[in-house]
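Peer 1: See protein.cif below, with mmCIF, C-alpha atoms.
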```
data_run
loop_
_atom_site.label_atom_id
_atom_site.label_comp_id
_atom_site.auth_asym_id
_atom_site.auth_seq_id
_atom_site.Cartn_x
_atom_site.Cartn_y
_atom_site.Cartn_z
CA MET A 1 -56.14 -32.14 77.32
CA SER A 2 -55.39 -31.53 81.01
CA ASP A 3 -57.51 -33.14 83.74
CA LEU A 4 -57.17 -29.98 85.84
CA THR A 5 -60.04 -27.53 86.28
CA LEU A 6 -59.49 -23.80 86.58
CA ALA A 7 -61.41 -22.38 89.56
CA VAL A 8 -62.05 -18.68 90.21
CA ASP A 9 -63.33 -17.18 93.48
CA ILE A 10 -64.34 -13.51 93.37
CA GLY A 11 -64.70 -11.64 96.66
CA GLY A 12 -64.84 -8.09 97.91
CA THR A 13 -61.39 -8.22 99.51
CA LYS A 14 -59.57 -10.67 97.26
CA PHE A 15 -59.68 -12.57 94.00
CA ALA A 16 -58.42 -16.15 93.95
CA ALA A 17 -57.72 -18.58 91.13
CA GLY A 18 -56.55 -22.16 91.37
CA LEU A 19 -56.03 -25.41 89.57
CA VAL A 20 -58.04 -28.30 90.99
CA GLU A 21 -57.53 -32.01 90.46
CA PRO A 22 -60.50 -34.31 89.67
CA GLY A 23 -60.53 -35.41 93.31
CA GLY A 24 -60.96 -31.84 94.56
CA ARG A 25 -57.40 -31.08 95.68
CA VAL A 26 -56.15 -27.57 94.90
CA VAL A 27 -52.67 -28.06 93.43
CA ALA A 28 -51.84 -24.43 92.69
CA ALA A 29 -53.42 -21.12 93.63
CA GLN A 30 -52.86 -17.39 93.28
CA ARG A 31 -54.55 -14.57 95.19
CA SER A 32 -54.72 -10.84 94.71
CA ALA A 33 -56.33 -7.99 96.64
CA THR A 34 -59.51 -6.62 95.10
CA PRO A 35 -58.82 -3.06 93.87
CA ARG A 36 -60.74 -0.69 96.12
CA GLY A 37 -62.99 1.51 94.04
CA GLY A 38 -61.79 -0.14 90.84
CA ASP A 39 -63.85 0.33 87.70
CA ALA A 40 -64.99 -2.55 85.50
CA GLU A 41 -61.79 -2.87 83.50
CA ALA A 42 -59.51 -2.44 86.52
CA LEU A 43 -61.28 -5.35 88.18
CA TRP A 44 -61.07 -7.42 85.01
CA GLU A 45 -57.36 -6.66 84.62
CA THR A 46 -56.77 -7.77 88.20
CA LEU A 47 -58.38 -11.09 87.38
CA THR A 48 -56.51 -11.57 84.10
CA GLY A 49 -53.23 -10.72 85.83
CA LEU A 50 -54.00 -13.34 88.42
CA LEU A 51 -54.66 -15.92 85.73
CA ASP A 52 -51.43 -14.99 83.96
CA ARG A 53 -49.47 -15.64 87.17
CA LEU A 54 -51.24 -18.95 87.72
CA GLU A 55 -50.32 -20.12 84.20
CA PRO A 56 -53.04 -22.74 83.68
CA PRO A 57 -51.89 -25.50 81.33
CA PRO A 58 -53.32 -25.68 77.81
CA GLY A 59 -56.59 -27.53 77.56
CA VAL A 60 -57.93 -27.34 81.10
CA ALA A 61 -61.10 -29.37 81.54
CA GLY A 62 -63.24 -26.33 82.26
CA VAL A 63 -63.62 -23.15 84.28
CA GLY A 64 -65.73 -22.86 87.44
CA ILE A 65 -66.48 -19.47 88.99
CA GLY A 66 -67.90 -18.40 92.35
CA CYS A 67 -68.88 -14.75 92.64
CA GLY A 68 -70.97 -12.61 94.96
CA GLY A 69 -74.36 -11.55 93.73
CA PRO A 70 -76.69 -10.47 92.51
CA MET A 71 -76.12 -11.97 89.08
CA THR A 72 -78.11 -13.17 86.14
CA TRP A 73 -77.76 -16.92 86.25
CA PRO A 74 -76.57 -18.98 84.45
CA ALA A 75 -75.55 -16.24 81.99
CA GLY A 76 -73.14 -14.86 84.59
CA GLU A 77 -73.62 -11.09 84.32
CA VAL A 78 -72.55 -10.04 87.80
CA SER A 79 -73.27 -7.00 90.00
CA PRO A 80 -71.61 -7.82 93.35
CA LEU A 81 -72.88 -5.54 96.09
CA ASN A 82 -69.35 -5.00 97.40
CA MET A 83 -67.80 -4.21 93.99
CA GLY A 84 -69.42 -1.12 92.52
CA GLY A 85 -67.27 -1.31 89.40
CA TRP A 86 -69.09 -4.38 88.14
CA ARG A 87 -72.72 -3.75 87.30
CA GLY A 88 -74.08 -6.24 84.80
CA PHE A 89 -70.50 -7.20 83.99
CA PRO A 90 -70.37 -10.21 81.61
CA LEU A 91 -67.92 -12.23 83.68
CA ARG A 92 -68.81 -15.66 82.35
CA GLU A 93 -68.79 -14.39 78.76
CA ARG A 94 -65.37 -12.76 79.20
CA LEU A 95 -63.85 -15.92 80.66
CA ALA A 96 -65.48 -18.07 77.98
CA ALA A 97 -63.79 -15.90 75.34
CA ARG A 98 -60.44 -16.36 77.04
CA PHE A 99 -60.94 -20.13 77.38
CA PRO A 100 -62.94 -21.16 74.29
CA GLY A 101 -64.32 -24.61 73.62
CA ILE A 102 -64.64 -25.77 77.25
CA PRO A 103 -67.40 -25.48 79.89
CA VAL A 104 -67.38 -22.17 81.77
CA ARG A 105 -69.84 -22.24 84.67
CA ILE A 106 -70.68 -19.70 87.37
CA HIS A 107 -72.68 -19.65 90.58
CA ASN A 108 -73.18 -17.55 93.69
CA ASP A 109 -70.21 -17.72 96.05
CA ALA A 110 -72.27 -18.94 99.02
CA ILE A 111 -73.68 -21.73 96.87
CA CYS A 112 -70.15 -22.72 95.85
CA LEU A 113 -69.19 -22.97 99.52
CA ALA A 114 -72.18 -25.22 100.19
CA VAL A 115 -71.23 -27.36 97.19
CA ALA A 116 -67.66 -27.64 98.46
CA GLU A 117 -68.84 -28.88 101.86
CA HIS A 118 -71.14 -31.44 100.26
CA TRP A 119 -68.55 -32.65 97.76
CA ARG A 120 -65.43 -32.77 99.90
CA GLY A 121 -66.26 -31.41 103.36
CA ALA A 122 -68.55 -31.96 106.32
CA GLY A 123 -71.52 -32.81 104.09
CA ARG A 124 -70.01 -35.77 102.24
CA GLY A 125 -72.55 -38.56 101.88
CA SER A 126 -75.56 -36.43 102.80
CA ALA A 127 -78.54 -36.66 100.45
CA ALA A 128 -80.36 -33.67 101.94
CA MET A 129 -78.20 -30.81 103.19
CA LEU A 130 -78.19 -27.07 103.67
CA GLY A 131 -74.78 -25.38 103.63
CA MET A 132 -74.80 -22.00 105.42
CA VAL A 133 -72.42 -19.05 105.70
CA VAL A 134 -72.87 -16.73 108.71
CA SER A 135 -70.59 -13.71 108.71
CA THR A 136 -71.29 -10.14 107.61
CA GLY A 137 -74.18 -11.66 105.68
CA VAL A 138 -76.08 -14.94 105.82
CA GLY A 139 -76.32 -17.14 102.73
CA GLY A 140 -76.54 -20.76 101.75
CA GLY A 141 -76.98 -23.51 99.22
CA LEU A 142 -79.42 -26.43 99.16
CA ILE A 143 -78.70 -30.07 98.29
CA LEU A 144 -81.65 -32.45 97.84
CA GLY A 145 -81.46 -35.95 96.43
CA GLY A 146 -77.69 -35.55 96.42
CA ARG A 147 -77.91 -32.72 93.87
CA LEU A 148 -77.66 -28.95 94.05
CA ILE A 149 -81.08 -27.30 93.83
CA ASP A 150 -80.91 -24.04 91.86
CA GLY A 151 -84.47 -22.75 91.90
CA GLY A 152 -85.90 -20.57 89.17
CA THR A 153 -83.13 -17.95 89.23
CA GLY A 154 -80.24 -19.80 90.87
CA ASN A 155 -81.06 -18.49 94.34
CA ALA A 156 -82.49 -21.55 96.10
CA GLY A 157 -81.15 -21.99 99.62
CA HIS A 158 -80.91 -18.26 100.37
CA ILE A 159 -81.77 -18.82 104.02
CA GLY A 160 -80.63 -15.36 105.06
CA HIS A 161 -84.01 -13.97 104.01
CA VAL A 162 -86.17 -16.47 105.81
CA VAL A 163 -88.26 -14.39 108.24
CA VAL A 164 -87.68 -15.39 111.86
CA ASP A 165 -89.31 -12.34 113.53
CA PRO A 166 -91.96 -10.47 111.48
CA GLY A 167 -91.74 -7.53 113.87
CA GLY A 168 -87.96 -7.58 113.91
CA PRO A 169 -85.31 -5.19 112.64
CA PRO A 170 -85.22 -3.92 109.06
CA CYS A 171 -83.16 -5.92 106.61
CA GLY A 172 -81.08 -4.67 103.72
CA CYS A 173 -83.45 -6.49 101.37
CA GLY A 174 -86.26 -4.08 102.35
CA GLY A 175 -88.13 -6.48 104.60
CA ASN A 176 -88.19 -6.90 108.36
CA GLY A 177 -87.11 -9.68 110.66
CA CYS A 178 -85.01 -11.67 108.19
CA LEU A 179 -82.45 -14.05 109.65
CA GLU A 180 -79.68 -11.96 108.13
CA ALA A 181 -80.92 -8.79 109.85
CA ILE A 182 -80.60 -10.51 113.24
CA ALA A 183 -77.67 -12.93 112.93
CA ARG A 184 -75.15 -11.22 110.66
CA GLY A 185 -72.07 -9.99 112.51
CA PRO A 186 -72.48 -6.20 112.15
CA GLY A 187 -76.18 -6.36 113.01
CA LEU A 188 -75.41 -8.43 116.07
CA ALA A 189 -72.87 -5.89 117.32
CA ALA A 190 -75.25 -3.00 116.61
CA TRP A 191 -78.00 -4.67 118.66
CA ALA A 192 -75.63 -5.20 121.57
CA LEU A 193 -74.53 -1.56 121.50
CA ALA A 194 -78.16 -0.47 121.59
CA GLN A 195 -78.62 -2.60 124.74
CA GLY A 196 -75.70 -0.85 126.45
CA TRP A 197 -72.79 -3.12 125.57
CA SER A 198 -69.38 -1.55 126.16
CA PRO A 199 -66.74 -3.46 124.14
CA GLY A 200 -64.06 -4.95 126.35
CA ARG A 201 -65.83 -4.07 129.61
CA ALA A 202 -65.92 -7.72 130.63
CA GLY A 203 -62.13 -7.79 130.69
CA SER A 204 -61.62 -10.16 127.76
CA SER A 205 -57.94 -10.01 126.88
CA GLN A 206 -58.19 -11.32 123.35
CA GLU A 207 -60.67 -12.14 120.66
CA PRO A 208 -61.51 -15.74 119.75
CA GLY A 209 -58.81 -17.31 117.59
CA ARG A 210 -59.28 -18.94 114.24
CA ALA A 211 -58.84 -22.40 115.69
CA SER A 212 -61.60 -22.00 118.27
CA GLU A 213 -63.97 -24.14 116.25
CA PRO A 214 -62.92 -27.04 114.00
CA GLY A 215 -63.27 -25.90 110.45
CA GLY A 216 -64.03 -22.40 111.72
CA GLU A 217 -63.29 -19.50 109.48
CA SER A 218 -62.11 -15.97 109.92
CA PHE A 219 -64.19 -12.88 109.31
CA ARG A 220 -63.70 -11.25 105.93
CA GLN A 221 -64.78 -7.75 105.07
CA ASP A 222 -67.03 -8.95 102.26
CA GLY A 223 -68.98 -11.40 104.35
CA GLU A 224 -67.44 -14.51 102.86
CA PRO A 225 -65.59 -17.08 104.94
CA SER A 226 -61.87 -17.03 104.25
CA GLY A 227 -61.03 -20.29 106.03
CA GLN A 228 -58.27 -21.09 108.47
CA GLY A 229 -55.17 -19.17 107.57
CA GLY A 230 -57.21 -16.78 105.44
CA GLU A 231 -57.42 -13.05 105.71
CA LEU A 232 -59.17 -11.58 108.72
CA TYR A 233 -62.51 -9.88 108.45
CA ARG A 234 -61.45 -6.29 109.04
CA GLU A 235 -64.30 -4.71 110.99
CA GLU A 236 -64.06 -1.00 111.69
CA GLY A 237 -63.56 0.18 115.27
CA THR A 238 -63.79 -1.88 118.43
CA ALA A 239 -67.51 -2.72 118.43
CA THR A 240 -67.19 -5.85 116.30
CA ALA A 241 -68.85 -9.23 116.32
CA ARG A 242 -65.46 -10.76 117.05
CA ARG A 243 -65.09 -8.55 120.13
CA LEU A 244 -68.69 -9.33 121.08
CA ALA A 245 -67.94 -13.07 121.03
CA ALA A 246 -64.83 -12.51 123.16
CA ASP A 247 -66.83 -10.51 125.70
CA ALA A 248 -69.45 -13.26 125.78
CA VAL A 249 -66.73 -15.77 126.61
CA ALA A 250 -65.62 -13.44 129.43
CA GLY A 251 -69.18 -13.39 130.81
CA ASP A 252 -70.54 -10.03 129.66
CA PRO A 253 -74.33 -10.44 130.06
CA ILE A 254 -75.25 -8.27 127.08
CA ALA A 255 -72.75 -10.05 124.84
CA LEU A 256 -74.12 -13.39 126.00
CA ALA A 257 -77.67 -12.23 125.28
CA ALA A 258 -76.63 -11.12 121.80
CA MET A 259 -75.05 -14.47 120.96
CA THR A 260 -78.11 -16.27 122.33
CA ARG A 261 -80.37 -14.07 120.20
CA ALA A 262 -78.38 -14.86 117.05
CA GLY A 263 -78.17 -18.57 117.83
CA ARG A 264 -81.89 -18.88 118.44
CA ALA A 265 -82.68 -17.00 115.23
CA LEU A 266 -80.47 -19.42 113.34
CA GLY A 267 -82.18 -22.36 115.01
CA VAL A 268 -85.65 -21.11 114.08
CA ALA A 269 -84.63 -20.53 110.45
CA ILE A 270 -82.93 -23.91 110.20
CA ALA A 271 -86.02 -25.58 111.70
CA SER A 272 -88.15 -24.04 108.96
CA ALA A 273 -85.75 -25.33 106.31
CA VAL A 274 -85.67 -28.79 107.90
CA ASN A 275 -89.46 -29.04 108.09
CA LEU A 276 -89.83 -27.83 104.50
CA CYS A 277 -87.04 -29.83 102.88
CA ASP A 278 -86.59 -32.90 105.13
CA LEU A 279 -82.89 -32.21 105.68
CA ASP A 280 -80.53 -34.58 107.42
CA LEU A 281 -77.56 -32.18 107.76
CA VAL A 282 -76.81 -28.47 108.01
CA THR A 283 -73.24 -27.14 107.85
CA VAL A 284 -72.48 -23.69 109.25
CA GLY A 285 -69.38 -21.78 108.20
CA GLY A 286 -68.32 -18.15 108.19
CA GLY A 287 -66.72 -16.00 110.82
CA LEU A 288 -69.52 -16.08 113.37
CA SER A 289 -69.43 -19.88 113.47
CA GLN A 290 -66.16 -19.54 115.41
CA ALA A 291 -68.14 -18.59 118.49
CA GLY A 292 -68.62 -22.31 119.15
CA ASP A 293 -71.09 -23.26 121.89
CA LEU A 294 -72.02 -19.62 122.47
CA LEU A 295 -73.78 -19.78 119.09
CA PHE A 296 -74.41 -23.49 118.58
CA GLY A 297 -75.90 -24.03 122.05
CA PRO A 298 -78.90 -21.69 121.64
CA LEU A 299 -79.12 -22.71 117.98
CA GLU A 300 -79.62 -26.35 118.97
CA GLU A 301 -82.09 -25.41 121.69
CA ALA A 302 -84.32 -23.43 119.31
CA LEU A 303 -83.94 -26.01 116.56
CA ARG A 304 -85.18 -28.83 118.79
CA GLU A 305 -88.10 -26.71 120.02
CA HIS A 306 -89.29 -26.30 116.43
CA THR A 307 -88.56 -29.72 114.92
CA ARG A 308 -91.11 -31.87 116.74
CA MET A 309 -92.05 -34.09 113.81
CA GLY A 310 -90.25 -37.40 113.89
CA PHE A 311 -88.58 -37.01 110.51
CA ALA A 312 -87.13 -33.60 111.45
CA GLY A 313 -85.53 -34.80 114.66
CA ARG A 314 -82.74 -36.58 112.85
CA VAL A 315 -81.10 -33.41 111.49
CA ARG A 316 -77.55 -32.62 112.60
CA VAL A 317 -75.95 -29.16 112.59
CA VAL A 318 -72.16 -29.16 112.29
CA PRO A 319 -69.40 -26.59 111.62
CA ALA A 320 -68.12 -26.36 108.07
CA ALA A 321 -64.93 -28.40 107.59
CA LEU A 322 -63.07 -26.84 104.68
CA GLY A 323 -60.58 -24.01 104.93
CA GLN A 324 -59.57 -21.10 102.75
CA ASP A 325 -59.72 -23.09 99.49
CA ALA A 326 -63.41 -23.95 99.92
CA GLY A 327 -64.53 -21.34 97.37
CA LEU A 328 -62.14 -22.73 94.77
CA VAL A 329 -63.16 -26.33 95.51
CA GLY A 330 -66.86 -25.49 95.15
CA ALA A 331 -66.34 -23.56 91.93
CA ALA A 332 -64.35 -26.45 90.46
CA ALA A 333 -67.12 -28.88 91.42
CA LEU A 334 -69.46 -27.11 88.99
CA VAL A 335 -67.28 -28.63 86.25
CA ILE A 336 -65.77 -31.75 87.79
CA ALA A 337 -68.98 -33.00 89.39
CA GLY A 338 -71.45 -31.28 87.11
CA ASP A 339 -73.79 -34.26 87.18
CA ARG A 340 -74.62 -33.26 90.78
CA TYR A 341 -73.92 -29.54 90.89
CA TRP A 342 -74.77 -28.14 87.45
CA SER A 343 -78.13 -28.39 85.68
CA PRO A 344 -78.49 -25.66 83.00
CA GLY A 345 -76.43 -27.43 80.34
CA PRO A 346 -72.93 -26.64 79.01
#
```
Kindly transcribe the structure held in the file into structure tokens.
Peer 2:
Amino acid sequence: MSDLTLAVDIGGTKFAAGLVEPGGRVVAAQRSATPRGGDAEALWETLTGLLDRLEPPPGVAGVGIGCGGPMTWPAGEVSPLNMGGWRGFPLRERLAARFPGIPVRIHNDAICLAVAEHWRGAGRGSAAMLGMVVSTGVGGGLILGGRLIDGGTGNAGHIGHVVVDPGGPPCGCGGNGCLEAIARGPGLAAWALAQGWSPGRAGSSQEPGRASEPGGESFRQDGEPSGQGGELYREEGTATARRLAADAVAGDPIALAAMTRAGRALGVAIASAVNLCDLDLVTVGGGLSQAGDLLFGPLEEALREHTRMGFAGRVRVVPAALGQDAGLVGAAALVIAGDRYWSPGP
């Protein structure tokens, strides 16, 4: 039996599969573009073709899967919002049939990213951590007592729907004033446009690069972080969050106000999580985290305003550290480190 774990990362712009050593190193990986408008079987065939090219050795230790939601968990029937071809698709069941007799485990992709950061990234050694993704959406995963907390349906840590402004903008979930409605990239750009922002007016010559923040990640169209060297988040037109951040760097007052608004919303939401869960660390990844101090400055300011209890003051907020393989690393951890990151059983 091999000591390698097969990891699968399903996203709206690409599928990835890799072989991961027990220590978390990805030793081989294959990627393929997600078929646009593909039906259920076209999507499945893309995944199986990817696995065929990867050629996992006989007897892998298990299969870990990260996939966008919603999904029934832990059964693994998936209905990713950005893949209309899969509605109630039995992804875990299909992969279990292809790889019988070994653990096949699935979780939300944002949770897998949080797991990766705790296991092998910026969160190593933390007993109480929230891992966040801030890009076209806002998601997260929660670690308490050194273990992943799932909640009743596998959705614990979904900080994007913490309310930070009850009278705020409508959210895709149907509520108002959720963190995601304010801080996600497209919403941020839309707010700036409504305030009179004219993209590029400040004379910024280029958009922030991928290396602008250690461990920073590029925008992806599906709202997942792709990591350094990963595929760019392809926003339509010129009024993008990436352009907004560049204009803020160049001193555009509306762009600066937009970044401050997003940073403060993040700080308020994180403060609520810290006060509720007694966290010692929060990692922030995803495309918007590349804005650096433009985002983290107001985030820290709001966080400190709302964490006045002594225990809450110790929390640190840091950029995510892992790159484009983070999704594969986190998915593999569901198998390799299941004592910390998997609770439902085999």
Peer 1: With the PyMOL selection byres ((chain A and resi 271-276) around 10) as the selection, what would be picked from this file? Answer as a PyMOL selection string, please.
Peer 2: chain A and resi 128-130+142+157+159+162-164+265-270+277-282+299-300+302-309+311-315
Peer 1: When you look at A:Ala248 with a cut-off of 9 Å (counting only C-alpha atoms), what residues show up, excluding the ones that are within fewer than 5 positions of it in the same chain? I need them as number ranges by chain.
Peer 2: A: 202, 204, 243, 253-259, 294
Peer 1: For A:Pro70, list every protein, DNA or RNA residue within 12 Å, evaluated using all atoms listed in the file, and leave out those in the same chain fewer than 2 positions away; present the list as a list in words.
Peer 2: Gly66, Cys67, Gly68, Thr72, Trp73, Pro74, Gly76, Glu77, Val78, Ser79, Pro80, Leu81, Asn82, Met83, Gly84, Trp86, Arg87, Gly88, Phe89, His107, Asn108, Asp109, Ala110, Thr153, Gly154, Asn155, His158 and Cys173 of chain A
Peer 1: Would you work out the distance separating atom CA of A:Asp247 from atom CA of A:Gly292, expressed in Å to one decimal?
Peer 2: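 Taking atom CA of A:Asp247 as the start and atom CA of A:Gly292 as the end point, the length is 13.6 Å.
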Peer 1: Expanded to explicit residues, what is the PyMOL selection byres ((chain A and resi 2) around 12) for this file, as a list in words?
Peer 2: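 Listing what the PyMOL selection byres ((chain A and resi 2) around 12) selects in the shown file: Met1, Asp3, Leu4, Thr5, Leu6, Leu19, Val20, Glu21, Pro22, Pro56, Pro57, Pro58, Gly59, Val60, Ala61, Gly62 and Ile102 of chain A.
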Peer 1: How far is it from atom CA of A:Ser135 to atom CA of A:Gly287, in Å with one decimal?
Peer 2: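 According to the coordinates, atom CA of A:Ser135 and atom CA of A:Gly287 are separated by 5.0 Å.
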Peer 1: List the residues selected by the PyMOL selection byres ((chain A and resi 44-47) around 8) in the file shown, writing them as an NGL selection string.
Peer 2: :A and (15 or 32 or 34-35 or 40-43 or 48-51)
Peer 1: Using only C-alpha atoms, collect all residues at a distance of at most 12 Å from (-77.0, -0.8, 114.0) as written in the file, then present them as a ChimeraX atom specification.
Peer 2: /A:169-172,181-182,184-195,239-241
